[in-house]
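Shown below: structure26.cif, with mmCIF, C-alpha atoms.
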```
data_my_file
loop_
_atom_site.label_atom_id
_atom_site.label_comp_id
_atom_site.auth_asym_id
_atom_site.auth_seq_id
_atom_site.Cartn_x
_atom_site.Cartn_y
_atom_site.Cartn_z
CA MET A 3 -66.10 -35.94 150.76
CA GLU A 4 -66.80 -33.58 147.87
CA GLU A 5 -63.63 -31.67 148.70
CA LEU A 6 -61.62 -34.90 148.56
CA GLN A 7 -63.14 -35.81 145.20
CA GLY A 8 -62.35 -32.32 143.90
CA HIS A 9 -58.70 -32.73 144.90
CA GLU A 10 -58.60 -36.13 143.21
CA ARG A 11 -60.07 -34.72 139.99
CA GLY A 12 -57.58 -31.87 140.10
CA GLY A 13 -54.71 -34.33 140.51
CA GLU A 14 -55.93 -36.42 137.59
CA ILE A 15 -56.19 -33.36 135.35
CA ARG A 16 -52.67 -32.26 136.31
CA SER A 17 -51.27 -35.74 135.61
CA VAL A 18 -52.98 -35.80 132.22
CA GLN A 19 -51.52 -32.38 131.47
CA VAL A 20 -48.02 -33.59 132.42
CA VAL A 21 -48.36 -36.60 130.09
CA LYS A 22 -49.55 -34.33 127.26
CA GLN A 23 -46.60 -32.02 127.74
CA ARG A 24 -44.15 -34.92 127.70
CA LYS A 25 -45.66 -36.19 124.46
CA TRP A 26 -45.45 -32.67 123.05
CA TRP A 27 -41.76 -32.34 123.90
CA ILE A 28 -41.01 -35.78 122.46
CA SER A 29 -42.84 -34.81 119.25
CA VAL A 30 -40.88 -31.53 119.00
CA PHE A 31 -37.52 -33.28 119.40
CA PHE A 32 -38.55 -36.00 116.94
CA CYS A 33 -39.51 -33.43 114.29
CA GLY A 34 -36.25 -31.59 114.92
CA PHE A 35 -34.40 -34.87 114.38
CA LEU A 36 -36.23 -35.34 111.07
CA ILE A 37 -35.20 -31.86 109.94
CA PHE A 38 -31.53 -32.41 110.85
CA SER A 39 -31.54 -35.83 109.19
CA GLY A 40 -33.33 -34.58 106.08
CA ASP A 41 -31.09 -31.52 105.73
CA SER A 42 -27.95 -33.66 106.08
CA LEU A 43 -29.06 -36.31 103.60
CA VAL A 44 -30.28 -33.75 101.05
CA MET A 45 -27.04 -31.77 101.07
CA LEU A 46 -24.83 -34.85 100.97
CA LEU A 47 -26.79 -36.37 98.08
CA LEU A 48 -26.97 -33.05 96.20
CA ASN A 49 -23.20 -32.66 96.42
CA PHE A 50 -22.75 -36.27 95.33
CA TYR A 51 -25.12 -35.73 92.41
CA TYR A 52 -23.44 -32.59 91.10
CA VAL A 53 -19.93 -34.02 91.54
CA GLN A 54 -20.83 -37.21 89.68
CA ASP A 55 -22.75 -35.21 87.06
CA LYS A 56 -19.46 -33.52 86.06
CA ARG A 57 -21.24 -30.20 86.34
CA SER A 58 -17.98 -28.25 86.77
CA GLU A 59 -16.75 -29.57 83.41
CA SER A 60 -19.84 -28.35 81.54
CA ASP A 61 -20.34 -25.06 79.74
CA LYS A 62 -22.15 -22.18 81.44
CA ASP A 63 -25.54 -22.93 79.89
CA ARG A 64 -25.35 -26.58 80.91
CA GLN A 65 -24.47 -25.69 84.53
CA TYR A 66 -27.87 -24.08 85.10
CA ARG A 67 -30.05 -26.87 83.69
CA GLY A 68 -31.86 -29.71 85.43
CA THR A 69 -33.78 -27.48 87.83
CA TRP A 70 -37.23 -28.87 86.99
CA THR A 71 -35.87 -32.34 87.77
CA GLN A 72 -34.60 -31.17 91.16
CA ALA A 73 -37.92 -29.43 91.87
CA LEU A 74 -39.78 -32.63 91.00
CA LEU A 75 -37.57 -34.68 93.30
CA GLN A 76 -38.39 -32.35 96.17
CA ASN A 77 -42.07 -33.32 95.99
CA ALA A 78 -42.51 -36.59 94.07
CA ALA A 79 -41.89 -39.13 96.88
CA PHE A 80 -45.07 -38.26 98.79
CA PRO A 81 -46.67 -41.73 98.15
CA ILE A 82 -44.34 -43.22 100.81
CA LEU A 83 -46.29 -41.19 103.39
CA ILE A 84 -49.70 -42.62 102.46
CA PRO A 85 -49.32 -45.86 104.52
CA LEU A 86 -48.21 -43.77 107.51
CA PHE A 87 -51.29 -41.58 107.11
CA PHE A 88 -53.55 -44.59 107.59
CA ILE A 89 -51.44 -46.00 110.43
CA PHE A 90 -51.62 -42.88 112.58
CA PRO A 91 -54.92 -42.72 114.49
CA SER A 92 -57.42 -39.97 113.78
CA PRO A 93 -59.24 -38.17 116.61
CA LYS A 94 -62.91 -38.62 117.25
CA PRO A 95 -64.84 -36.57 114.69
CA ASN A 96 -66.58 -33.43 115.86
CA THR A 97 -70.34 -34.04 116.02
CA GLU A 98 -71.18 -30.35 116.32
CA PRO A 99 -72.46 -28.72 113.12
CA VAL A 100 -69.84 -26.71 111.28
CA SER A 101 -71.14 -23.48 109.82
CA SER A 102 -68.67 -21.63 107.65
CA ASP A 103 -68.64 -19.76 104.41
CA PRO A 104 -67.26 -21.12 102.13
CA PRO A 105 -67.88 -24.80 103.11
CA PRO A 106 -64.96 -26.60 104.85
CA PHE A 107 -64.18 -28.80 101.82
CA LEU A 108 -63.71 -25.79 99.56
CA ARG A 109 -61.54 -24.07 102.16
CA VAL A 110 -59.32 -27.16 102.49
CA LEU A 111 -59.11 -27.53 98.70
CA LEU A 112 -58.18 -23.88 98.29
CA LEU A 113 -55.55 -24.23 101.03
CA TYR A 114 -53.88 -27.25 99.43
CA VAL A 115 -53.94 -25.83 95.89
CA SER A 116 -52.48 -22.48 96.98
CA LEU A 117 -49.79 -24.19 99.04
CA GLY A 118 -49.04 -26.58 96.17
CA VAL A 119 -48.47 -23.62 93.88
CA LEU A 120 -46.20 -21.92 96.45
CA VAL A 121 -44.22 -25.11 97.04
CA SER A 122 -43.75 -25.74 93.32
CA VAL A 123 -42.59 -22.14 92.86
CA TYR A 124 -39.97 -22.23 95.58
CA SER A 125 -38.90 -25.78 94.63
CA LYS A 126 -38.15 -24.70 91.08
CA LEU A 127 -36.63 -21.32 91.93
CA TYR A 128 -34.58 -22.66 94.86
CA ALA A 129 -33.12 -25.30 92.55
CA LEU A 130 -32.15 -22.49 90.18
CA ALA A 131 -31.14 -19.88 92.76
CA LYS A 132 -28.68 -22.07 94.64
CA LEU A 133 -26.84 -22.59 91.36
CA TYR A 134 -26.55 -18.82 90.95
CA VAL A 135 -25.86 -17.47 94.41
CA GLY A 136 -25.15 -20.56 96.52
CA TRP A 137 -26.92 -22.05 99.52
CA GLY A 138 -26.18 -19.93 102.59
CA ILE A 139 -27.58 -16.58 101.51
CA LEU A 140 -30.88 -18.20 100.52
CA VAL A 141 -31.53 -19.63 103.96
CA SER A 142 -30.51 -16.47 105.80
CA THR A 143 -32.87 -14.30 103.78
CA GLN A 144 -35.82 -16.61 104.28
CA LEU A 145 -35.66 -16.50 108.11
CA ILE A 146 -35.96 -12.72 108.10
CA LEU A 147 -38.98 -12.90 105.80
CA THR A 148 -40.54 -15.73 107.82
CA SER A 149 -40.28 -13.63 110.97
CA LEU A 150 -41.94 -10.65 109.27
CA PHE A 151 -44.74 -12.72 107.75
CA SER A 152 -45.36 -14.52 111.05
CA ALA A 153 -45.71 -11.24 112.89
CA PHE A 154 -48.39 -9.99 110.49
CA ILE A 155 -50.14 -13.20 109.35
CA ASN A 156 -49.90 -15.46 112.41
CA ARG A 157 -49.73 -12.70 115.04
CA LEU A 158 -46.64 -14.32 116.55
CA LYS A 159 -45.45 -12.59 119.71
CA PHE A 160 -41.68 -12.18 119.83
CA ASN A 161 -40.03 -12.18 123.25
CA ARG A 162 -36.37 -11.47 123.90
CA TRP A 163 -35.42 -15.15 123.84
CA ILE A 164 -36.90 -15.68 120.38
CA ILE A 165 -35.17 -12.54 119.08
CA ILE A 166 -31.85 -13.71 120.56
CA SER A 167 -32.40 -17.10 118.94
CA ILE A 168 -33.02 -15.52 115.52
CA ILE A 169 -29.87 -13.39 115.80
CA PHE A 170 -27.72 -16.38 116.77
CA THR A 171 -29.30 -18.42 113.97
CA LEU A 172 -28.54 -15.80 111.31
CA ALA A 173 -24.93 -15.55 112.50
CA ALA A 174 -24.52 -19.33 112.64
CA ASP A 175 -25.89 -19.80 109.13
CA PHE A 176 -23.78 -16.95 107.71
CA PHE A 177 -20.52 -18.43 109.02
CA GLY A 178 -21.44 -22.11 108.91
CA SER A 179 -23.30 -22.77 105.67
CA PRO A 180 -22.16 -25.99 103.97
CA ALA A 181 -20.20 -26.15 100.74
CA PHE A 182 -22.23 -26.86 97.62
CA SER A 183 -20.66 -28.36 94.52
CA GLY A 184 -23.31 -26.83 92.26
CA THR A 185 -22.36 -23.24 93.10
CA PRO A 186 -20.83 -21.47 90.07
CA ASP A 187 -17.36 -19.98 89.98
CA GLU A 188 -16.94 -16.28 90.73
CA ASP A 189 -16.65 -15.28 87.07
CA GLU A 190 -19.84 -17.22 86.21
CA SER A 191 -21.90 -15.75 89.05
CA TYR A 192 -20.70 -12.28 88.10
CA THR A 193 -22.12 -12.73 84.60
CA TYR A 194 -25.53 -13.49 86.08
CA GLY A 195 -25.28 -11.03 89.00
CA ILE A 196 -28.50 -9.04 88.52
CA LYS A 197 -30.47 -12.08 87.41
CA ALA A 198 -29.21 -14.04 90.42
CA TRP A 199 -30.52 -11.45 92.87
CA LEU A 200 -33.90 -11.36 91.15
CA ILE A 201 -34.09 -15.16 91.31
CA LEU A 202 -33.11 -15.01 94.99
CA ILE A 203 -36.07 -12.84 96.02
CA PHE A 204 -38.95 -14.96 94.75
CA PRO A 205 -38.11 -18.41 96.23
CA THR A 206 -37.40 -16.93 99.66
CA LEU A 207 -40.70 -15.05 99.53
CA ALA A 208 -42.58 -18.19 98.47
CA PHE A 209 -40.95 -20.39 101.13
CA SER A 210 -41.48 -17.94 103.99
CA LEU A 211 -45.06 -17.26 102.94
CA SER A 212 -45.78 -20.99 102.65
CA LEU A 213 -44.65 -21.61 106.25
CA CYS A 214 -47.00 -18.92 107.53
CA VAL A 215 -49.90 -20.13 105.37
CA MET A 216 -49.30 -23.70 106.59
CA GLN A 217 -49.52 -22.57 110.19
CA LEU A 218 -52.65 -20.57 109.41
CA GLY A 219 -54.10 -23.57 107.57
CA PHE A 220 -53.54 -25.87 110.54
CA GLU A 221 -55.12 -23.47 113.03
CA LYS A 222 -57.93 -21.90 111.00
CA VAL A 223 -58.86 -24.57 108.44
CA LEU A 224 -57.93 -28.16 109.32
CA MET A 225 -58.63 -27.88 113.05
CA LYS A 226 -62.10 -26.49 112.24
CA THR A 227 -63.10 -29.55 110.21
CA LYS A 228 -65.26 -32.31 111.69
CA ARG A 229 -62.61 -35.01 111.27
CA TYR A 230 -60.10 -33.25 113.55
CA GLY A 231 -62.46 -31.53 115.98
CA ASN A 232 -60.16 -28.70 117.17
CA LYS A 233 -57.34 -31.16 117.94
CA LYS A 234 -53.72 -31.03 116.75
CA VAL A 235 -52.61 -34.50 115.67
CA PHE A 236 -49.67 -35.71 113.58
CA ARG A 237 -52.08 -37.10 110.99
CA MET A 238 -52.73 -33.48 109.94
CA VAL A 239 -49.05 -33.11 109.01
CA LEU A 240 -49.15 -36.18 106.79
CA GLU A 241 -52.42 -35.11 105.16
CA MET A 242 -51.12 -31.66 104.32
CA GLN A 243 -47.76 -32.94 103.07
CA ILE A 244 -49.36 -35.58 100.82
CA CYS A 245 -51.95 -33.24 99.30
CA VAL A 246 -49.61 -30.26 98.85
CA SER A 247 -46.86 -32.44 97.36
CA PHE A 248 -49.39 -33.99 94.98
CA VAL A 249 -50.34 -30.57 93.61
CA ALA A 250 -46.69 -29.44 93.46
CA THR A 251 -45.68 -32.67 91.69
CA LEU A 252 -48.29 -32.13 88.98
CA ILE A 253 -47.04 -28.58 88.39
CA CYS A 254 -43.39 -29.71 88.29
CA LEU A 255 -44.25 -32.51 85.84
CA VAL A 256 -45.92 -30.00 83.54
CA GLY A 257 -42.84 -27.79 83.77
CA LEU A 258 -40.51 -30.72 83.13
CA PHE A 259 -42.28 -31.71 79.90
CA ALA A 260 -43.22 -28.20 78.73
CA SER A 261 -39.59 -27.02 79.03
CA GLY A 262 -38.26 -30.09 77.21
CA GLU A 263 -35.99 -30.87 80.15
CA PHE A 264 -37.17 -34.50 80.20
CA LYS A 265 -35.11 -35.03 77.02
CA GLU A 266 -31.93 -34.36 79.00
CA LEU A 267 -32.51 -37.12 81.55
CA ARG A 268 -30.94 -39.83 79.40
CA GLU A 269 -27.86 -37.69 78.79
CA ASP A 270 -27.60 -37.01 82.54
CA ARG A 271 -27.83 -40.70 83.28
CA GLU A 272 -25.12 -41.60 80.78
CA ARG A 273 -22.79 -38.82 81.96
CA PHE A 274 -22.96 -39.87 85.62
CA LYS A 275 -19.48 -40.98 86.71
CA LYS A 276 -20.60 -43.82 88.98
CA GLY A 277 -22.96 -45.27 86.39
CA GLU A 278 -26.70 -45.46 85.82
CA ALA A 279 -27.41 -47.54 88.95
CA TYR A 280 -25.91 -44.90 91.25
CA TYR A 281 -27.69 -42.20 89.26
CA GLY A 282 -31.06 -43.79 89.96
CA LEU A 283 -30.22 -44.45 93.61
CA SER A 284 -29.11 -40.87 94.16
CA LEU A 285 -32.39 -39.53 92.74
CA ILE A 286 -34.44 -41.93 94.86
CA GLY A 287 -32.43 -41.01 97.95
CA LEU A 288 -32.91 -37.31 97.28
CA ALA A 289 -36.65 -37.69 96.83
CA ILE A 290 -37.05 -39.64 100.10
CA SER A 291 -34.75 -37.25 102.00
CA TRP A 292 -36.81 -34.26 100.92
CA GLN A 293 -39.94 -35.92 102.33
CA VAL A 294 -38.20 -36.64 105.65
CA TRP A 295 -37.20 -32.98 105.87
CA ALA A 296 -40.65 -31.72 104.88
CA VAL A 297 -42.49 -33.87 107.44
CA GLY A 298 -40.21 -32.62 110.20
CA LEU A 299 -40.65 -29.02 109.08
CA LEU A 300 -44.44 -29.29 108.91
CA GLY A 301 -44.47 -31.02 112.27
CA LEU A 302 -42.75 -28.09 113.96
CA VAL A 303 -45.05 -25.64 112.17
CA LEU A 304 -48.00 -27.52 113.67
CA LEU A 305 -46.53 -27.95 117.15
CA VAL A 306 -44.86 -24.53 117.56
CA SER A 307 -44.66 -22.05 114.67
CA GLY A 308 -43.20 -21.42 111.24
CA VAL A 309 -40.43 -19.29 112.74
CA PHE A 310 -39.30 -22.10 115.05
CA ALA A 311 -39.35 -24.58 112.15
CA ASP A 312 -37.17 -22.23 110.11
CA VAL A 313 -34.79 -21.67 113.04
CA VAL A 314 -34.27 -25.42 113.48
CA HIS A 315 -33.81 -25.81 109.73
CA MET A 316 -31.12 -23.12 109.67
CA CYS A 317 -29.40 -24.37 112.83
CA ALA A 318 -28.71 -27.61 110.98
CA SER A 319 -26.34 -25.79 108.59
CA PRO A 320 -23.11 -26.09 110.68
CA VAL A 321 -23.81 -29.79 111.32
CA VAL A 322 -24.40 -30.35 107.62
CA ALA A 323 -21.22 -28.40 106.83
CA LEU A 324 -19.22 -30.75 109.07
CA LEU A 325 -20.68 -33.81 107.32
CA VAL A 326 -19.91 -32.35 103.88
CA VAL A 327 -16.29 -31.69 104.92
CA LEU A 328 -15.95 -35.27 106.14
CA ALA A 329 -17.63 -36.78 103.06
CA PHE A 330 -16.12 -34.67 100.26
CA ASP A 331 -12.71 -33.27 99.47
CA PHE A 332 -13.60 -29.83 98.13
CA VAL A 333 -10.85 -27.30 97.56
CA ASP A 334 -10.54 -24.71 100.36
CA ASP A 335 -13.33 -26.35 102.32
CA GLU A 336 -12.55 -27.15 105.94
CA PHE A 337 -14.27 -27.05 109.31
CA GLY A 338 -12.30 -24.07 110.60
CA TRP A 339 -12.82 -21.73 113.54
CA GLN A 340 -15.65 -19.88 111.81
CA ARG A 341 -17.73 -23.02 111.42
CA ARG A 342 -16.86 -24.17 114.92
CA GLY A 343 -18.16 -20.85 116.17
CA ALA A 344 -21.25 -21.28 113.99
CA LEU A 345 -21.84 -24.70 115.56
CA LEU A 346 -21.73 -23.07 119.01
CA GLY A 347 -24.06 -20.32 117.75
CA SER A 348 -26.56 -22.91 116.55
CA ALA A 349 -26.54 -24.58 119.94
CA LEU A 350 -27.12 -21.22 121.66
CA ALA A 351 -29.92 -20.35 119.21
CA LEU A 352 -31.72 -23.62 119.86
CA ALA A 353 -31.17 -23.33 123.61
CA SER A 354 -32.62 -19.81 123.61
CA TYR A 355 -35.75 -20.81 121.68
CA PHE A 356 -36.25 -23.97 123.74
CA TYR A 357 -35.97 -21.91 126.92
CA SER A 358 -38.72 -19.65 125.58
CA LEU A 359 -40.90 -22.71 124.91
CA TYR A 360 -40.12 -24.08 128.38
CA LYS A 361 -41.24 -20.83 130.01
CA THR A 362 -44.42 -20.81 127.92
CA LYS A 363 -45.32 -24.39 128.88
CA LYS A 364 -44.50 -23.74 132.52
CA LYS A 365 -46.83 -20.74 132.46
CA GLU A 366 -49.61 -22.87 130.95
CA VAL A 367 -49.28 -25.43 133.75
CA ALA A 368 -49.32 -22.68 136.39
CA GLU A 369 -52.50 -21.21 134.89
CA LEU A 370 -54.12 -24.65 134.80
CA ASN A 371 -53.26 -25.26 138.47
CA LYS A 372 -54.64 -21.85 139.39
CA ARG A 373 -57.93 -22.58 137.63
CA GLU A 374 -58.22 -25.93 139.36
CA LEU A 375 -57.55 -24.32 142.73
CA ASN A 376 -60.26 -21.75 142.12
CA ASN A 377 -62.73 -24.44 141.04
CA SER A 378 -62.03 -26.56 144.11
CA GLU A 379 -62.53 -23.55 146.41
CA ALA A 380 -65.80 -22.69 144.67
#
```
Mind turning the file's structure into structure tokens?
Amino acid sequence: MEELQGHERGGEIRSVQVVKQRKWWISVFFCGFLIFSGDSLVMLLLNFYYVQDKRSESDKDRQYRGTWTQALLQNAAFPILIPLFFIFPSPKPNTEPVSSDPPPFLRVLLLYVSLGVLVSVYSKLYALAKLYVGWGILVSTQLILTSLFSAFINRLKFNRWIIISIIFTLAADFFGSPAFSGTPDEDESYTYGIKAWLILIFPTLAFSLSLCVMQLGFEKVLMKTKRYGNKKVFRMVLEMQICVSFVATLICLVGLFASGEFKELREDRERFKKGEAYYGLSLIGLAISWQVWAVGLLGLVLLVSGVFADVVHMCASPVVALLVVLAFDFVDDEFGWQRRGALLGSALALASYFYSLYKTKKKEVAELNKRELNNSEA
């Protein structure tokens, strides 16, 4: 009788584990969908904005302005996430006493402030750097740095499938990065050559470091608090995104007013080809799209790792490039054989990383079954 009950308990535990894994896979694919959607909308709206802004007709000094505005847009729409934060259920609070030094509240506050500073830094410098050196080289550099930081900070173990995925991702992004209407002409970028490379280093460092700190914050700070009780839930993603974006928004607002850039907003609005209504809609769309992208990115950091989140983000580049070609008529921009190959490379990169995750989850199930077998025999 006891043996029969032990088998029944083992079967129930295995069925619960199967349901958990299905939910996990669904969450991973959903967050990946958010990243692809956010990346596509951001690049389409950015191209629309810079085309309608007549940026190519401006002088050199004018072409590199408006970066505090773009940085602010990347963070300012976080209030739309607040209703979702209260809709998603929170786990049962941990009743065990939490002993840590410093106290959990101070650790969480320090985490969000430090991440807010990092996010504001890379938001501002990315907005500036992509005007100097373009889009593709920024994303390629950041994946290399994310991998290095993850190895040292998060102790991420790289197997051959993850390494293959990173190689395919770098190749796909190099050949398949989308066109960007804000990129300067060759003679303009040459004038700012040294400055462009200096600007390139800092945002990629800040972005890669922020991904690793986010993963560390989920595992070592938020999960240790009473309200989450060592459980990973999607509510953590929304909490971190809201709080970090709030800090980054305050910093970007200070930069916007301290630099005097807010005085240029009326001129930008009047210069917009499609009119003021489209100008406002494009800014609102950009702000919301950035939040969609950020939630998906943070979700994959929580569920898997910062490296996987960055890989998915970069693998979206060939898809975004195809959408830009279809939506805009840029000179010398077509979806040729290089980008078709990049699209195939992205698929192989994602397949390689997903296979690695599949093997990891399969191993976890096998270990769980082995433990249950040993317990039933005992």
What is the atom CA of A:Ser142-atom CA of A:Ala289 distance in Å, reported with one decimal?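 Here the two named atoms are 23.8 Å from each other.
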How many Å lie between atom CA of A:Leu258 and atom CA of A:Leu200, rounded to one decimal?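 The value is 22.0 Å.
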Which residues would end up in the selection if the PyMOL selection byres ((chain A and resi 161) around 12) were applied here, given that I need the answer as a PDB file with C-alpha atoms, keeping the file's coordinate frame?
```
ATOM      1  CA  ALA A 153     -45.710 -11.240 112.890  1.00  0.00           C
ATOM      2  CA  LEU A 158     -46.640 -14.320 116.550  1.00  0.00           C
ATOM      3  CA  LYS A 159     -45.450 -12.590 119.710  1.00  0.00           C
ATOM      4  CA  PHE A 160     -41.680 -12.180 119.830  1.00  0.00           C
ATOM      5  CA  ARG A 162     -36.370 -11.470 123.900  1.00  0.00           C
ATOM      6  CA  TRP A 163     -35.420 -15.150 123.840  1.00  0.00           C
ATOM      7  CA  ILE A 164     -36.900 -15.680 120.380  1.00  0.00           C
ATOM      8  CA  ILE A 165     -35.170 -12.540 119.080  1.00  0.00           C
ATOM      9  CA  ILE A 166     -31.850 -13.710 120.560  1.00  0.00           C
ATOM     10  CA  SER A 167     -32.400 -17.100 118.940  1.00  0.00           C
ATOM     11  CA  ILE A 168     -33.020 -15.520 115.520  1.00  0.00           C
ATOM     12  CA  SER A 354     -32.620 -19.810 123.610  1.00  0.00           C
ATOM     13  CA  TYR A 355     -35.750 -20.810 121.680  1.00  0.00           C
ATOM     14  CA  TYR A 357     -35.970 -21.910 126.920  1.00  0.00           C
ATOM     15  CA  SER A 358     -38.720 -19.650 125.580  1.00  0.00           C
ATOM     16  CA  LEU A 359     -40.900 -22.710 124.910  1.00  0.00           C
ATOM     17  CA  LYS A 361     -41.240 -20.830 130.010  1.00  0.00           C
ATOM     18  CA  THR A 362     -44.420 -20.810 127.920  1.00  0.00           C
TER      19      THR A 362
END
```
Contacts of A:Leu111 at 10 Å (only C-alpha atoms; same-chain gap of 5+ positions) as a PDB file with C-alpha atoms, keeping the file's coordinate frame:
```pdb
ATOM      1  CA  PRO A 106     -64.960 -26.600 104.850  1.00  0.00           C
ATOM      2  CA  SER A 116     -52.480 -22.480  96.980  1.00  0.00           C
ATOM      3  CA  LEU A 117     -49.790 -24.190  99.040  1.00  0.00           C
ATOM      4  CA  CYS A 245     -51.950 -33.240  99.300  1.00  0.00           C
ATOM      5  CA  VAL A 246     -49.610 -30.260  98.850  1.00  0.00           C
TER       6      VAL A 246
END
```
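Of note, atom CA of A:Val306 and atom CA of A:Phe236 are spaced 12.8 Å apart.
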Grab all the atoms of stretch 71-78 of chain A that the file lists, wrap them in a box along x, y and z, add 6 Å per side, and give me centre plus edge lengths in Å (one decimal) as JSON.
```
{"center_x": -38.6, "center_y": -33.0, "center_z": 92.0, "size_x": 19.9, "size_y": 19.2, "size_z": 20.4}
```
Run the PyMOL selection byres ((chain A and resi 210) around 6) mentally over the shown coordinates, then write out the matched residues as JSON, numbers by chain, using the chain letters and numbers from the document. {"A": [144, 147, 148, 207, 208, 209, 211, 212, 213]}
Which polymer residues, protein or nucleic acid, are no farther than 10 Å from (-54.9, -35.7, 106.9), counting all atoms listed in the file, as an mmCIF file with C-alpha atoms, in the frame of the given file?
```cif
data_model
loop_
_atom_site.group_PDB
_atom_site.id
_atom_site.type_symbol
_atom_site.label_atom_id
_atom_site.label_comp_id
_atom_site.auth_asym_id
_atom_site.auth_seq_id
_atom_site.Cartn_x
_atom_site.Cartn_y
_atom_site.Cartn_z
ATOM 1 C CA ILE A 84 -49.700 -42.620 102.460
ATOM 2 C CA PHE A 87 -51.290 -41.580 107.110
ATOM 3 C CA PHE A 88 -53.550 -44.590 107.590
ATOM 4 C CA PHE A 90 -51.620 -42.880 112.580
ATOM 5 C CA SER A 92 -57.420 -39.970 113.780
ATOM 6 C CA LEU A 224 -57.930 -28.160 109.320
ATOM 7 C CA ARG A 229 -62.610 -35.010 111.270
ATOM 8 C CA TYR A 230 -60.100 -33.250 113.550
ATOM 9 C CA VAL A 235 -52.610 -34.500 115.670
ATOM 10 C CA PHE A 236 -49.670 -35.710 113.580
ATOM 11 C CA ARG A 237 -52.080 -37.100 110.990
ATOM 12 C CA MET A 238 -52.730 -33.480 109.940
ATOM 13 C CA VAL A 239 -49.050 -33.110 109.010
ATOM 14 C CA LEU A 240 -49.150 -36.180 106.790
ATOM 15 C CA GLU A 241 -52.420 -35.110 105.160
ATOM 16 C CA MET A 242 -51.120 -31.660 104.320
ATOM 17 C CA GLN A 243 -47.760 -32.940 103.070
ATOM 18 C CA ILE A 244 -49.360 -35.580 100.820
ATOM 19 C CA CYS A 245 -51.950 -33.240 99.300
#
```
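The residue that comes closest to A:Val249, out of A:Gly282, A:Pro180, A:Gly118, A:Pro93 and on the basis of all atoms listed in the file, is A:Gly118.
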Surrounding residues of A:Met45 excluding itself and chain neighbours under 5 positions, 12 Å, only C-alpha atoms, as a VMD selection string: chain A and resid 38 to 40 50 to 52 132 137 to 138 179 to 184 284 287 to 288 291 to 292 295 318 to 327 329 to 330
Determine the nearest neighbour of A:Phe220 from the options A:Tyr281, A:Phe259, A:Tyr114, A:Phe151, counting all atoms listed in the file. A:Tyr114
Under the PyMOL selection byres ((chain A and resi 227) around 9), which residues of this model are included? Write them out as a list in words.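 Expected selection for the PyMOL selection byres ((chain A and resi 227) around 9) here is Pro95, Asn96, Val100, Pro106, Phe107, Val110, Val223, Leu224, Met225, Lys226, Lys228, Arg229, Tyr230, Gly231 and Asn232 of chain A.
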What would stretch 252-261 of chain A look like with N, CA, C and O atoms in place, written as a PDB file, keeping the file's coordinate frame?
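Once written, out-v6.pdb looks like this:
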```pdb
ATOM      1  N   LEU A 252     -47.621 -32.335  90.264  1.00  0.00           N
ATOM      2  CA  LEU A 252     -48.290 -32.130  88.980  1.00  0.00           C
ATOM      3  C   LEU A 252     -47.747 -30.907  88.257  1.00  0.00           C
ATOM      4  O   LEU A 252     -47.479 -30.941  87.045  1.00  0.00           O
ATOM      5  N   ILE A 253     -47.558 -29.810  88.994  1.00  0.00           N
ATOM      6  CA  ILE A 253     -47.040 -28.580  88.390  1.00  0.00           C
ATOM      7  C   ILE A 253     -45.607 -28.781  87.895  1.00  0.00           C
ATOM      8  O   ILE A 253     -45.238 -28.351  86.792  1.00  0.00           O
ATOM      9  N   CYS A 254     -44.781 -29.473  88.691  1.00  0.00           N
ATOM     10  CA  CYS A 254     -43.390 -29.710  88.290  1.00  0.00           C
ATOM     11  C   CYS A 254     -43.313 -30.652  87.091  1.00  0.00           C
ATOM     12  O   CYS A 254     -42.427 -30.503  86.230  1.00  0.00           O
ATOM     13  N   LEU A 255     -44.219 -31.623  87.014  1.00  0.00           N
ATOM     14  CA  LEU A 255     -44.250 -32.510  85.840  1.00  0.00           C
ATOM     15  C   LEU A 255     -44.601 -31.735  84.578  1.00  0.00           C
ATOM     16  O   LEU A 255     -43.993 -31.947  83.509  1.00  0.00           O
ATOM     17  N   VAL A 256     -45.573 -30.836  84.684  1.00  0.00           N
ATOM     18  CA  VAL A 256     -45.920 -30.000  83.540  1.00  0.00           C
ATOM     19  C   VAL A 256     -44.722 -29.160  83.115  1.00  0.00           C
ATOM     20  O   VAL A 256     -44.404 -29.048  81.921  1.00  0.00           O
ATOM     21  N   GLY A 257     -44.021 -28.578  84.093  1.00  0.00           N
ATOM     22  CA  GLY A 257     -42.840 -27.790  83.770  1.00  0.00           C
ATOM     23  C   GLY A 257     -41.732 -28.612  83.152  1.00  0.00           C
ATOM     24  O   GLY A 257     -41.037 -28.152  82.234  1.00  0.00           O
ATOM     25  N   LEU A 258     -41.557 -29.844  83.655  1.00  0.00           N
ATOM     26  CA  LEU A 258     -40.510 -30.720  83.130  1.00  0.00           C
ATOM     27  C   LEU A 258     -40.739 -31.042  81.664  1.00  0.00           C
ATOM     28  O   LEU A 258     -39.806 -30.992  80.840  1.00  0.00           O
ATOM     29  N   PHE A 259     -41.985 -31.345  81.289  1.00  0.00           N
ATOM     30  CA  PHE A 259     -42.280 -31.710  79.900  1.00  0.00           C
ATOM     31  C   PHE A 259     -42.439 -30.478  79.012  1.00  0.00           C
ATOM     32  O   PHE A 259     -42.032 -30.500  77.851  1.00  0.00           O
ATOM     33  N   ALA A 260     -43.032 -29.412  79.539  1.00  0.00           N
ATOM     34  CA  ALA A 260     -43.220 -28.200  78.730  1.00  0.00           C
ATOM     35  C   ALA A 260     -41.886 -27.551  78.379  1.00  0.00           C
ATOM     36  O   ALA A 260     -41.726 -26.985  77.286  1.00  0.00           O
ATOM     37  N   SER A 261     -40.901 -27.633  79.283  1.00  0.00           N
ATOM     38  CA  SER A 261     -39.590 -27.020  79.030  1.00  0.00           C
ATOM     39  C   SER A 261     -38.696 -27.905  78.159  1.00  0.00           C
ATOM     40  O   SER A 261     -37.653 -27.450  77.672  1.00  0.00           O
TER      41      SER A 261
END
```
